[in-house]
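Inspection log for the structure reproduced underneath, given as structure tokens.
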Amino acid sequence: MPPEMDGNSSTYGLEGKGAALRGPEGASRRYGRDWAWWQDKLVASVVFVGGVSAIVFVLGIFAFVTREGLGFILHTMDVREFFGSIAWRPTSLIRPTYGALALIVGTAFVTGLAMVFSVPFSLGAAIFIGEFAKGRVRETLKILVELLAAVPSVVWGFIGMTVMNEFLIRTFGVPVGLNAMNAGLILGLMAAPIMTTIAEDALKAVPDGYREAAEAMGATRWQVVWRVVLPAAKNGLLGAVLLGVGRAFGETMAVLMASGHSIHLPTSPFDSVRALTATIAAELGETAVGSDHYRALFTLGILLFVVTFFINLAADLVVRGVRGGR
Amino acid sequence: MDKPTFERSAGISAPGTEGTGDPPALSAPAVEIRQLNFWYGSFQALFDIDLEIRRGRITSLIGPSGCGKTTLLRSINRIADRLGYVRTTGSIRVLGQNILDPSVEPVQLRKQVGMVFQRPNPLPLSIRDNVLFAHRIHRGKEAVGRSEEDAIVEAALRKVLLWDSVKDRLHQKALGLTLEEQQKLCIARLLPVKPSVILMDEPCSALDPAGTEAVEELMWELRGEYTILIVTHNMAQARRASEETVFMLMGRVVEHGPTQELFLTPRHRATADYIEGRYG
């Protein structure tokens with residue numbers, strides 16, 4: 001606590017000087033530092049710490065992951081093997097190999113499938129909520145979409161293992177229902193709420209004057225959306241899709257549970273695949289700290305970190321571009 | 001026979017907009033309002049409006065803020081419907097058809113009745129696409145060649161005296177134009193679909209005196225071919241840029257007559273007081 005507070009409380013930090021200048025006690029009370037001033041300072045510093053901590057944590061995580069993985073990258077890693085081979089055999093006693101190609105392709109494939117499913121639905125939902133739905137329907141839908149975002153990922157994985165698994169086996173007659181298709185569907189469902197919400201924000205940011213102008217010229221609602229609103233909101237919509245990609249790309253638990261987790265270059269959506277994230281989650285607990293395997297997993301982590309960082313950065317720049325341009 | 005129709009129809013052919021067709025149509029009012037009452041929710045904004053807007057003339061709507069002149073204007077192309085909670089009784093006949101009839105499609109109506117807004121609101125497209133916007137919407141599936149579109153754009157921009165200053169940058173964004181140019185563009189984009197009535201809601205309130213003068217000149221230029229109905233707060237503007245004036249107060253039409261007459265010898269006390277600036 002500042003000394004002024006527990007000193008002469010009537011002058012609120014202006015004792016001596018304030019009293020001498022202003023004479024009567026009432027004057028210094030009026031112009032001195034009162035409780036609200038200290039409250040303001042306190043809140044400002046707490047909020048400052050909160051804001052700065054975001055930067056500290058991001059840098060800290062990056063430093064930690066890099067420190068653990070860098071040794072592997074510099075000494076053990078064979079770049080051609082890492083990006084060119086599908087042989088991920090870190091536990092081999094004879095000759096461990098660290099080919100991450102299948103994992104990278106697995107993640108990309110699953111993410112791609114997820115986007116194929118979720119982009120049309122999310123943008124459609126955003127257009128319906130933002131441009132067509134009215135009143136109570138609109139509010140209910142918004143709440144439901146946000147509720148969808150709150151479902152824990154392990155629950156999604158559970159749905160993938162049980163409901164979706166059986167559904168795929170029965171519908172497509174495949175022997176195994178835990179595959180890229182399953183993970184793609186689940187990830188699509190998981191990425192949809194954030195895409196819908198951000199896309200709807202982007203549509204809402206389009207000035208209503210544009211819609212009114214187009215309607216006054218006789219445009220139907222769909223013509224307004226197609227010819228005016230979507231072109232005007234395209235940066236925001238692209239940003240929404242990129243955030244969805246980032247969400248799907250970084251998801252771990254649901255993918256681990258739904259993808260089948262087998263190292264394999266997929267040739268069809270019904271092949272089982274393994275994702276980068278799932279590999280780390282499944283293997284890290286069983287490696288010796290500091291071993292090559294341990295460090296190789298951290299290298300996967302660096303790869304994930306860098307890719308998601310750039311996806312998010314791109315999304316941010318694209319969304320910002322909307323405001324900067326106008 | 002070539003009566004315009006605003007009903008749902010696949011055919012988007014321009015109905016009787018040549019204006020020089022049958023003689024009786026010339027003397028008929030372009031807009032005929034009978035016993036119009038208008039509510040926003042439970043608030044009544046217009047009371048028993050009876051009004052005839054003469055074809056090919058510039059008619060100005062004046063009155064203090066909140067007197068209902070903008071509401072009246074916005075009900076003629078039914079853009080007021082956008083709010084969703086409006087209700088009307090009575091009739092508004094545009095080119096002989098009651099546009100408040102449930103069978104009337106606002107889309108077809110708005111082709112006949114164009115609107116210019118208070119703030120210039122070009123769409124975030126190129127200048128060329130702005131001019132062609134309404135035309136593309138209303139021409140349906142009909143294929144129109146590029147050279148034909150070019151001709152449409154040039155004719156519309158020439159009409160609003162904008163062609164010379166923008167002809168070299170037709171593909172640039174319309175939002176980069178000055179406000180005066182934007183407002184002229186907003187008028188130009190109505191012309192390719194040949195509306196019979198143009199509604200203007202204080203079209204000069206965002207412009208400087210030079211821009212105001214340019215737009216007023218343009219209105220004068222369009223007179224005859226188009227029926228223009230303009231809402232204005234600026235009495236001097238009503239006086240110099242319109243042929244007929246309607247004075248409204250508290251949701252009712254108080255007086256309607258030739259502009260010179262209404263300003264020189266108003267018949268009602270309220271009109272006289274308003275134009276002399278005693279209130280409003």
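Residue numbering restarts at 1 for every chain of the structure tokens, chains are lettered A, B, ... in their displayed order, and ligands are numbered from 1 as they appear.
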Once you count only C-alpha atoms, what closest atom pair and distance in Å to one decimal does each residue of chain B within 6 Å of chain A have, with rows by chain and rising residue number, as a Markdown table?
```
| residue | atom | partner | partner_atom | distance |
| --- | --- | --- | --- | --- |
| B:Val107 | CA | A:Gly218 | CA | 4.2 |
| B:Arg110 | CA | A:Gly218 | CA | 4.9 |
| B:Lys111 | CA | A:Gly218 | CA | 5.8 |
| B:Leu123 | CA | A:Tyr210 | CA | 5.8 |
| B:Ala134 | CA | A:Met217 | CA | 5.6 |
```
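Among A:Gly188, A:Asp292, A:Val46, A:Ala240, the residue with the shortest atom-to-atom distance to Ser92 in chain A, counting only C-alpha atoms, is A:Asp292.
Near Gly68 in chain B, within a cut-off of 8 Å and counting only C-alpha atoms, sit the residues Ala45, Leu46, Met248, Leu249, Met250, Gly251 and Arg252 of chain B, with same-chain residues fewer than 5 positions away left out.
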Just write the chosen residues, all heavy atoms, as a PDB file, in the first residue's frame.
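The resulting file, out.pdb, is reproduced below:
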```pdb
ATOM      1  N   ALA B  45     -47.410   7.377 -38.150  1.00  0.00           N
ATOM      2  CA  ALA B  45     -46.547   8.422 -38.699  1.00  0.00           C
ATOM      3  C   ALA B  45     -47.251   9.243 -39.774  1.00  0.00           C
ATOM      4  O   ALA B  45     -46.939  10.407 -39.974  1.00  0.00           O
ATOM      5  CB  ALA B  45     -45.279   7.803 -39.281  1.00  0.00           C
ATOM      6  N   LEU B  46     -48.201   8.640 -40.478  1.00  0.00           N
ATOM      7  CA  LEU B  46     -48.921   9.369 -41.528  1.00  0.00           C
ATOM      8  C   LEU B  46     -50.419   9.231 -41.313  1.00  0.00           C
ATOM      9  O   LEU B  46     -50.910   8.173 -40.932  1.00  0.00           O
ATOM     10  CB  LEU B  46     -48.550   8.822 -42.916  1.00  0.00           C
ATOM     11  CG  LEU B  46     -47.091   8.951 -43.358  1.00  0.00           C
ATOM     12  CD1 LEU B  46     -46.896   8.289 -44.717  1.00  0.00           C
ATOM     13  CD2 LEU B  46     -46.646  10.399 -43.405  1.00  0.00           C
ATOM     14  N   MET B 248     -45.799  19.448 -45.345  1.00  0.00           N
ATOM     15  CA  MET B 248     -46.357  18.473 -44.402  1.00  0.00           C
ATOM     16  C   MET B 248     -46.104  18.904 -42.972  1.00  0.00           C
ATOM     17  O   MET B 248     -45.096  19.559 -42.674  1.00  0.00           O
ATOM     18  CB  MET B 248     -45.728  17.089 -44.622  1.00  0.00           C
ATOM     19  CG  MET B 248     -46.160  16.429 -45.912  1.00  0.00           C
ATOM     20  SD  MET B 248     -45.441  14.795 -46.090  1.00  0.00           S
ATOM     21  CE  MET B 248     -46.306  13.891 -44.822  1.00  0.00           C
ATOM     22  N   LEU B 249     -47.000  18.491 -42.086  1.00  0.00           N
ATOM     23  CA  LEU B 249     -46.865  18.810 -40.673  1.00  0.00           C
ATOM     24  C   LEU B 249     -47.532  17.711 -39.866  1.00  0.00           C
ATOM     25  O   LEU B 249     -48.681  17.349 -40.150  1.00  0.00           O
ATOM     26  CB  LEU B 249     -47.511  20.174 -40.400  1.00  0.00           C
ATOM     27  CG  LEU B 249     -47.278  20.799 -39.027  1.00  0.00           C
ATOM     28  CD1 LEU B 249     -45.802  21.070 -38.800  1.00  0.00           C
ATOM     29  CD2 LEU B 249     -48.080  22.099 -38.918  1.00  0.00           C
ATOM     30  N   MET B 250     -46.854  17.193 -38.899  1.00  0.00           N
ATOM     31  CA  MET B 250     -47.414  16.185 -37.990  1.00  0.00           C
ATOM     32  C   MET B 250     -48.080  15.027 -38.722  1.00  0.00           C
ATOM     33  O   MET B 250     -49.159  14.579 -38.342  1.00  0.00           O
ATOM     34  CB  MET B 250     -48.456  16.832 -37.069  1.00  0.00           C
ATOM     35  CG  MET B 250     -48.017  18.122 -36.448  1.00  0.00           C
ATOM     36  SD  MET B 250     -47.125  17.899 -34.915  1.00  0.00           S
ATOM     37  CE  MET B 250     -48.468  17.546 -33.807  1.00  0.00           C
ATOM     38  N   GLY B 251     -47.451  14.548 -39.771  1.00  0.00           N
ATOM     39  CA  GLY B 251     -47.973  13.378 -40.456  1.00  0.00           C
ATOM     40  C   GLY B 251     -49.124  13.658 -41.403  1.00  0.00           C
ATOM     41  O   GLY B 251     -49.769  12.728 -41.877  1.00  0.00           O
ATOM     42  N   ARG B 252     -49.429  14.937 -41.648  1.00  0.00           N
ATOM     43  CA  ARG B 252     -50.507  15.267 -42.584  1.00  0.00           C
ATOM     44  C   ARG B 252     -49.991  16.218 -43.663  1.00  0.00           C
ATOM     45  O   ARG B 252     -49.062  16.972 -43.427  1.00  0.00           O
ATOM     46  CB  ARG B 252     -51.656  15.962 -41.867  1.00  0.00           C
ATOM     47  CG  ARG B 252     -52.369  15.094 -40.881  1.00  0.00           C
ATOM     48  CD  ARG B 252     -53.366  15.915 -40.091  1.00  0.00           C
ATOM     49  NE  ARG B 252     -53.754  15.189 -38.894  1.00  0.00           N
ATOM     50  CZ  ARG B 252     -54.705  14.249 -38.878  1.00  0.00           C
ATOM     51  NH1 ARG B 252     -55.356  13.946 -39.974  1.00  0.00           N
ATOM     52  NH2 ARG B 252     -54.977  13.619 -37.753  1.00  0.00           N
TER      53      ARG B 252
END
```
Glu217 in chain B: which residues within 10 Å, counting only C-alpha atoms, same-chain residues fewer than 6 positions away excluded, as a PyMOL selection string?
-> chain B and resi 160-161+211+223+241
Prev. selection, C-alpha atoms, output as an mmCIF file, in the first residue's frame:
```
data_model
loop_
_atom_site.group_PDB
_atom_site.id
_atom_site.type_symbol
_atom_site.label_atom_id
_atom_site.label_comp_id
_atom_site.auth_asym_id
_atom_site.auth_seq_id
_atom_site.Cartn_x
_atom_site.Cartn_y
_atom_site.Cartn_z
ATOM 1 C CA VAL B 160 -25.587 12.792 -65.080
ATOM 2 C CA LEU B 161 -22.646 14.821 -66.457
ATOM 3 C CA GLY B 211 -22.147 19.711 -55.286
ATOM 4 C CA ARG B 223 -37.249 16.675 -65.376
ATOM 5 C CA ALA B 241 -35.245 23.417 -57.659
#
```
Pick out each residue of range 196-237 of chain B that DSSP on the backbone tags as alpha helix (DSSP H); I need them as a PyMOL selection string.
-> chain B and resi 209-222+235-237
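The nearest approach to Val206 in chain A among the residues A:Gly106, A:Gly260, A:Gly130, A:Pro269, with only C-alpha atoms taken into account, belongs to A:Gly130.
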Quick one: pick out all strand (DSSP E) residues within range 88-201 of chain B from a backbone DSSP run and write them as an MDAnalysis selection string.
-> chainID B and resid 88:94 97:98 113:116 197:201
Generate a file of the selected residues that holds C-alpha atoms, formatted as a short mmCIF file (atom, residue, chain, number, x, y, z; two decimals), in the first residue's frame.
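Saved the output as part.cif:
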```cif
data_model
loop_
_atom_site.label_atom_id
_atom_site.label_comp_id
_atom_site.auth_asym_id
_atom_site.auth_seq_id
_atom_site.Cartn_x
_atom_site.Cartn_y
_atom_site.Cartn_z
CA THR B 88 -50.33 0.76 -44.00
CA THR B 89 -53.90 1.41 -45.04
CA GLY B 90 -55.17 3.29 -48.06
CA SER B 91 -53.67 3.17 -51.50
CA ILE B 92 -50.68 4.42 -53.45
CA ARG B 93 -51.13 4.16 -57.18
CA VAL B 94 -47.99 4.29 -59.26
CA GLN B 97 -51.61 0.30 -60.04
CA ASN B 98 -52.01 0.15 -56.28
CA VAL B 113 -39.48 3.74 -58.72
CA GLY B 114 -35.80 4.48 -58.13
CA MET B 115 -34.41 6.06 -55.00
CA VAL B 116 -31.53 8.36 -54.13
CA VAL B 197 -40.36 7.96 -60.76
CA ILE B 198 -37.20 8.92 -58.88
CA LEU B 199 -37.45 9.48 -55.14
CA MET B 200 -34.78 11.62 -53.54
CA ASP B 201 -34.32 11.77 -49.79
#
```
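Within 8 Å of Met195 in chain A, once only C-alpha atoms are used and residues closer than 4 positions along the same chain are dropped, the contacting residues are A:Val119, A:Ser122, A:Leu123, A:Ala191, A:Ala199, A:Ala240, A:Val241, A:Leu243, A:Gly244.
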Within 7 Å of Val319 in chain A, counting only C-alpha atoms, which residues show up once you throw out same-chain ones fewer than 6 positions away? Write them as a PDB file with N, CA and C atoms, in the first residue's frame, please.
```
ATOM      1  N   ASN A 235     -13.063 -10.771 -47.229  1.00  0.00           N
ATOM      2  CA  ASN A 235     -11.870 -10.907 -46.376  1.00  0.00           C
ATOM      3  C   ASN A 235     -12.211 -11.523 -45.034  1.00  0.00           C
ATOM      4  N   GLY A 236     -13.277 -11.027 -44.443  1.00  0.00           N
ATOM      5  CA  GLY A 236     -13.691 -11.562 -43.150  1.00  0.00           C
ATOM      6  C   GLY A 236     -14.064 -13.036 -43.248  1.00  0.00           C
ATOM      7  N   GLY A 239     -10.947 -15.039 -43.488  1.00  0.00           N
ATOM      8  CA  GLY A 239     -10.365 -15.117 -42.146  1.00  0.00           C
ATOM      9  C   GLY A 239     -11.071 -16.162 -41.304  1.00  0.00           C
TER      10      GLY A 239
END
```
Spatial neighbours of range 98-104 of chain A, 8 Å, only C-alpha atoms, chain gap at least 3 places, as a PyMOL selection string = chain A and resi 77+81-90+107-108+263-265+273-276+279+296
Best match for closeness to Trp222 in chain A among B:Ile33, B:Trp163, B:Ile137, B:Asp129, counting only C-alpha atoms |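 That would be B:Ile137, the residue with the smallest distance to Trp222 in chain A.
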